[in-house]
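**Student:** Below: one structure in structure tokens.
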Amino acid sequence: MKKELIKVKMADVQISTSPSVLITYGLGSCVGLTIWDFKLKIGGMAHIMLPSSKGFTRNDNFAKFADCSIEFLINELLKMGARKRNLEAKIFGGASMFSFESKSDILNIGDRNVEATIKYLKEFEIKLVNQDVRGNFGRTISLDLEVGLVEVHSIKKGNKIF
């Protein structure tokens, strides 16, 4: 059976079932989050741009924020029959793509995205089983919903499977 390739754009969330493959390109400071139900072989991917929706008066796209996209992704998987105890999360990206003179945390959006994603996964009681985060290089990730493996492609670091 041919696997359907589903693209997850920047500030996007996609959910599917096996035998699909979810893929997102060009993670820099953004975080790519995968959540997979190992019993039902369903899962989703979010391409997170910002740590929190708080402080934004205009939230046209909930998927760009860690807090909103994680809650949405989990709720949609639960609606499809997933159980929290069967969900496994993996996170990727959160790089520091540019060097700044200032060491201000506000400028290091990659770190802030990683920390927020981990925080919200804990709040929603989803276990984080693997991660490949930070650094100073971009990544492209793909999640094979049949087996739950995430392949990470990077020009600087080569390919890895998590």
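Simple scheme: letters A, B, ... for chains in structure tokens order, numbers from 1 for residues in each chain, numbers from 1 for ligands in the order shown.
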Enumerate as a list of chain:residue names all residues of range 1-69 of chain A assigned to alpha helix (DSSP H) by DSSP on the backbone, naming them with the chain letters and numbers the document uses.
**Tutor:** A:Ala66, A:Asp67, A:Cys68, A:Ser69
**Student:** Restricting the output to C-alpha atoms, write the selected residues as a short mmCIF file (atom, residue, chain, number, x, y, z; two decimals), in the first residue's frame.
**Tutor:**
```
data_model
loop_
_atom_site.label_atom_id
_atom_site.label_comp_id
_atom_site.auth_asym_id
_atom_site.auth_seq_id
_atom_site.Cartn_x
_atom_site.Cartn_y
_atom_site.Cartn_z
CA ALA A 66 2.71 25.97 21.32
CA ASP A 67 -0.09 26.22 23.88
CA CYS A 68 -2.93 26.22 21.33
CA SER A 69 -1.55 23.75 18.80
#
```
**Student:** Please extract the residues of chain A with a backbone DSSP assignment of strand (DSSP E or B) and present them as a ChimeraX atom specification.
**Tutor:** /A:5-7,12-17,21-27,31-37,42-48,50,65,87-93,127-133,139-144,149-154,158-161
**Student:** Would you mind reading off the distance between CA of Ser154 in chain A and CA of Ala63 in chain A, one decimal, in Å?
**Tutor:**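 It comes out at 23.9 Å.
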**Student:** Skip Met80 in chain A itself and residues of its chain fewer than 5 positions away, then list as a PDB file with C-alpha atoms, in the first residue's frame all residues within 12 Å of it, counting only C-alpha atoms.
**Tutor:**
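Result file around39.pdb:
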```pdb
ATOM      1  CA  ILE A  15      -3.496  14.630  11.823  1.00  0.00           C
ATOM      2  CA  SER A  16      -3.768  11.318  10.015  1.00  0.00           C
ATOM      3  CA  THR A  17      -3.756   7.537  10.280  1.00  0.00           C
ATOM      4  CA  ASP A  37      -0.671   6.603  19.375  1.00  0.00           C
ATOM      5  CA  LEU A  40      -4.059   2.845  16.943  1.00  0.00           C
ATOM      6  CA  LYS A  41      -1.208   4.047  14.684  1.00  0.00           C
ATOM      7  CA  ILE A  42      -2.697   7.517  14.413  1.00  0.00           C
ATOM      8  CA  GLY A  43      -0.847  10.709  15.024  1.00  0.00           C
ATOM      9  CA  GLY A  44      -0.246  14.300  14.243  1.00  0.00           C
ATOM     10  CA  LEU A  73      -3.588  18.134  18.516  1.00  0.00           C
ATOM     11  CA  ILE A  74      -4.201  16.135  21.700  1.00  0.00           C
ATOM     12  CA  ASN A  75      -7.960  16.789  21.670  1.00  0.00           C
TER      13      ASN A  75
END
```
**Student:** Residues within 6 Å of Leu33 in chain A, please, as JSON, numbers by chain. Count only C-alpha atoms; anything in the same chain fewer than 6 positions from it doesn't count.
**Tutor:** {"A": [45, 46, 90, 91]}
**Student:** Excluding same-chain residues fewer than 5 positions from range 18-24 of chain A, what lies within 9 Å of it counting only C-alpha atoms, as a PDB file with N, CA and C atoms, in the first residue's frame?
**Tutor:**
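Saved as around24.pdb:
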```pdb
ATOM      1  N   MET A   1       0.836  -1.177   0.000  1.00  0.00           N
ATOM      2  CA  MET A   1       0.000   0.000   0.000  1.00  0.00           C
ATOM      3  C   MET A   1       0.887   1.249   0.000  1.00  0.00           C
ATOM      4  N   LYS A   2       0.643   2.155  -0.916  1.00  0.00           N
ATOM      5  CA  LYS A   2       1.426   3.383  -1.018  1.00  0.00           C
ATOM      6  C   LYS A   2       1.064   4.337   0.121  1.00  0.00           C
ATOM      7  N   LYS A   3       2.100   4.924   0.709  1.00  0.00           N
ATOM      8  CA  LYS A   3       1.895   5.842   1.819  1.00  0.00           C
ATOM      9  C   LYS A   3       1.610   7.241   1.304  1.00  0.00           C
ATOM     10  N   GLU A   4       0.537   7.845   1.827  1.00  0.00           N
ATOM     11  CA  GLU A   4       0.196   9.221   1.483  1.00  0.00           C
ATOM     12  C   GLU A   4       1.131  10.159   2.233  1.00  0.00           C
ATOM     13  N   LEU A   5       1.712  11.130   1.526  1.00  0.00           N
ATOM     14  CA  LEU A   5       2.593  12.129   2.126  1.00  0.00           C
ATOM     15  C   LEU A   5       1.769  13.377   2.404  1.00  0.00           C
ATOM     16  N   ILE A   6       1.697  13.770   3.679  1.00  0.00           N
ATOM     17  CA  ILE A   6       0.912  14.933   4.090  1.00  0.00           C
ATOM     18  C   ILE A   6       1.868  16.010   4.573  1.00  0.00           C
ATOM     19  N   LYS A   7       1.830  17.160   3.914  1.00  0.00           N
ATOM     20  CA  LYS A   7       2.720  18.266   4.262  1.00  0.00           C
ATOM     21  C   LYS A   7       2.120  19.109   5.377  1.00  0.00           C
ATOM     22  N   VAL A   8       2.963  19.428   6.340  1.00  0.00           N
ATOM     23  CA  VAL A   8       2.588  20.298   7.450  1.00  0.00           C
ATOM     24  C   VAL A   8       3.334  21.605   7.229  1.00  0.00           C
ATOM     25  N   LYS A   9       2.591  22.643   6.925  1.00  0.00           N
ATOM     26  CA  LYS A   9       3.205  23.946   6.659  1.00  0.00           C
ATOM     27  C   LYS A   9       3.605  24.626   7.961  1.00  0.00           C
ATOM     28  N   MET A  10       4.309  25.735   7.842  1.00  0.00           N
ATOM     29  CA  MET A  10       4.646  26.542   9.006  1.00  0.00           C
ATOM     30  C   MET A  10       3.344  27.014   9.654  1.00  0.00           C
ATOM     31  N   GLY A  32       9.095  21.362  15.671  1.00  0.00           N
ATOM     32  CA  GLY A  32       8.240  20.337  15.080  1.00  0.00           C
ATOM     33  C   GLY A  32       7.885  19.338  16.161  1.00  0.00           C
ATOM     34  N   THR A  34       5.683  15.895  17.142  1.00  0.00           N
ATOM     35  CA  THR A  34       4.914  14.746  16.688  1.00  0.00           C
ATOM     36  C   THR A  34       4.299  14.079  17.902  1.00  0.00           C
ATOM     37  N   LEU A  40      -3.169   2.574  18.077  1.00  0.00           N
ATOM     38  CA  LEU A  40      -4.059   2.845  16.943  1.00  0.00           C
ATOM     39  C   LEU A  40      -3.313   3.243  15.670  1.00  0.00           C
ATOM     40  N   LYS A  41      -2.027   3.585  15.814  1.00  0.00           N
ATOM     41  CA  LYS A  41      -1.208   4.047  14.684  1.00  0.00           C
ATOM     42  C   LYS A  41      -1.823   5.281  14.003  1.00  0.00           C
ATOM     43  N   ILE A  42      -2.228   6.211  14.868  1.00  0.00           N
ATOM     44  CA  ILE A  42      -2.697   7.517  14.413  1.00  0.00           C
ATOM     45  C   ILE A  42      -1.780   8.551  15.054  1.00  0.00           C
ATOM     46  N   GLY A  43      -1.706   9.693  14.444  1.00  0.00           N
ATOM     47  CA  GLY A  43      -0.847  10.709  15.024  1.00  0.00           C
ATOM     48  C   GLY A  43      -0.986  12.041  14.325  1.00  0.00           C
ATOM     49  N   GLY A  44      -0.201  12.967  14.815  1.00  0.00           N
ATOM     50  CA  GLY A  44      -0.246  14.300  14.243  1.00  0.00           C
ATOM     51  C   GLY A  44       1.084  14.997  14.374  1.00  0.00           C
ATOM     52  N   MET A  45       1.168  16.104  13.673  1.00  0.00           N
ATOM     53  CA  MET A  45       2.378  16.916  13.685  1.00  0.00           C
ATOM     54  C   MET A  45       1.975  18.380  13.723  1.00  0.00           C
ATOM     55  N   ALA A  46       2.718  19.155  14.521  1.00  0.00           N
ATOM     56  CA  ALA A  46       2.528  20.603  14.586  1.00  0.00           C
ATOM     57  C   ALA A  46       3.851  21.275  14.255  1.00  0.00           C
ATOM     58  N   HIS A  47       3.768  22.368  13.498  1.00  0.00           N
ATOM     59  CA  HIS A  47       4.935  23.208  13.190  1.00  0.00           C
ATOM     60  C   HIS A  47       4.717  24.502  13.976  1.00  0.00           C
ATOM     61  N   ARG A 139      16.269  21.747  10.270  1.00  0.00           N
ATOM     62  CA  ARG A 139      15.876  20.347  10.151  1.00  0.00           C
ATOM     63  C   ARG A 139      14.596  20.226   9.340  1.00  0.00           C
ATOM     64  N   THR A 140      14.453  19.102   8.677  1.00  0.00           N
ATOM     65  CA  THR A 140      13.196  18.670   8.072  1.00  0.00           C
ATOM     66  C   THR A 140      12.863  17.344   8.728  1.00  0.00           C
ATOM     67  N   ILE A 141      11.600  17.165   9.143  1.00  0.00           N
ATOM     68  CA  ILE A 141      11.225  15.925   9.823  1.00  0.00           C
ATOM     69  C   ILE A 141      10.042  15.258   9.131  1.00  0.00           C
ATOM     70  N   SER A 142      10.017  13.931   9.221  1.00  0.00           N
ATOM     71  CA  SER A 142       8.871  13.177   8.714  1.00  0.00           C
ATOM     72  C   SER A 142       8.524  12.080   9.709  1.00  0.00           C
ATOM     73  N   LEU A 143       7.227  11.907   9.965  1.00  0.00           N
ATOM     74  CA  LEU A 143       6.705  10.899  10.884  1.00  0.00           C
ATOM     75  C   LEU A 143       5.962   9.840  10.084  1.00  0.00           C
ATOM     76  N   ASP A 144       6.434   8.604  10.172  1.00  0.00           N
ATOM     77  CA  ASP A 144       5.778   7.465   9.536  1.00  0.00           C
ATOM     78  C   ASP A 144       4.770   6.911  10.542  1.00  0.00           C
ATOM     79  N   LEU A 145       3.494   7.072  10.248  1.00  0.00           N
ATOM     80  CA  LEU A 145       2.453   6.681  11.195  1.00  0.00           C
ATOM     81  C   LEU A 145       2.290   5.168  11.332  1.00  0.00           C
ATOM     82  N   GLU A 146       2.867   4.408  10.443  1.00  0.00           N
ATOM     83  CA  GLU A 146       2.811   2.947  10.560  1.00  0.00           C
ATOM     84  C   GLU A 146       3.690   2.452  11.707  1.00  0.00           C
ATOM     85  N   VAL A 147       4.871   3.048  11.843  1.00  0.00           N
ATOM     86  CA  VAL A 147       5.840   2.567  12.833  1.00  0.00           C
ATOM     87  C   VAL A 147       6.189   3.599  13.911  1.00  0.00           C
TER      88      VAL A 147
END
```
**Student:** Report as a compact mmCIF listing (two decimals) with C-alpha atoms, in the first residue's frame all protein, DNA and RNA residues lying within 8 Å of Cys30 in chain A, evaluated on only C-alpha atoms, omitting residues in the same chain fewer than 6 positions from it.
**Tutor:**
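Wrote part-v6.txt, looks like this:
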```txt
# COMPACT_ATOMS: atom_id res chain seq x y z
CA HIS A 47 4.94 23.21 13.19
CA ILE A 48 5.12 25.64 16.13
CA MET A 49 6.42 29.19 15.59
CA LEU A 50 5.86 30.86 18.97
CA GLY A 93 14.05 22.07 16.00
CA GLY A 94 14.20 25.07 18.29
CA ALA A 95 17.55 26.10 16.86
CA ILE A 109 12.90 32.13 20.25
CA GLY A 110 14.22 28.61 19.59
CA ASN A 113 9.76 27.31 21.81
```
**Student:** Grab the CA of Val129 in chain A to CA of Phe98 in chain A distance for me, in Å with one decimal place.
**Tutor:** 28.2 Å
**Student:** Quick one: of A:Lys39, A:Lys127, A:Arg134, A:His153, who's nearest to Glu115 in chain A, counting only C-alpha atoms?
**Tutor:**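 Smallest separation from Glu115 in chain A among the options: A:Arg134.
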**Student:** What's the separation between CA of Lys79 in chain A and CA of Lys122 in chain A, in Å to one decimal place?
**Tutor:**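 Straight-line distance from CA of Lys79 in chain A to CA of Lys122 in chain A works out to 20.0 Å.
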**Student:** Taking into account only C-alpha atoms, which residue in the set A:Ser52, A:Glu125, A:Gly135, A:Leu77 is nearest to Phe65 in chain A?
**Tutor:**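 Between A:Ser52, A:Glu125, A:Gly135, A:Leu77, the residue approaching Phe65 in chain A most closely is A:Ser52.
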**Student:** Determine the nearest neighbour of Asp111 in chain A from the options A:Leu27, A:Ile161, A:Leu128, A:Val133, counting only C-alpha atoms.
**Tutor:**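 Under the stated criterion, the closest residue is A:Val133.
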**Student:** With a distance cut-off of 8 Å and only C-alpha atoms, select the neighbouring residues of Ile70 in chain A, excluding the residue or stretch itself and same-chain residues fewer than 6 positions from it, and output the selection as a PyMOL selection string.
**Tutor:** chain A and resi 46+117+120-121
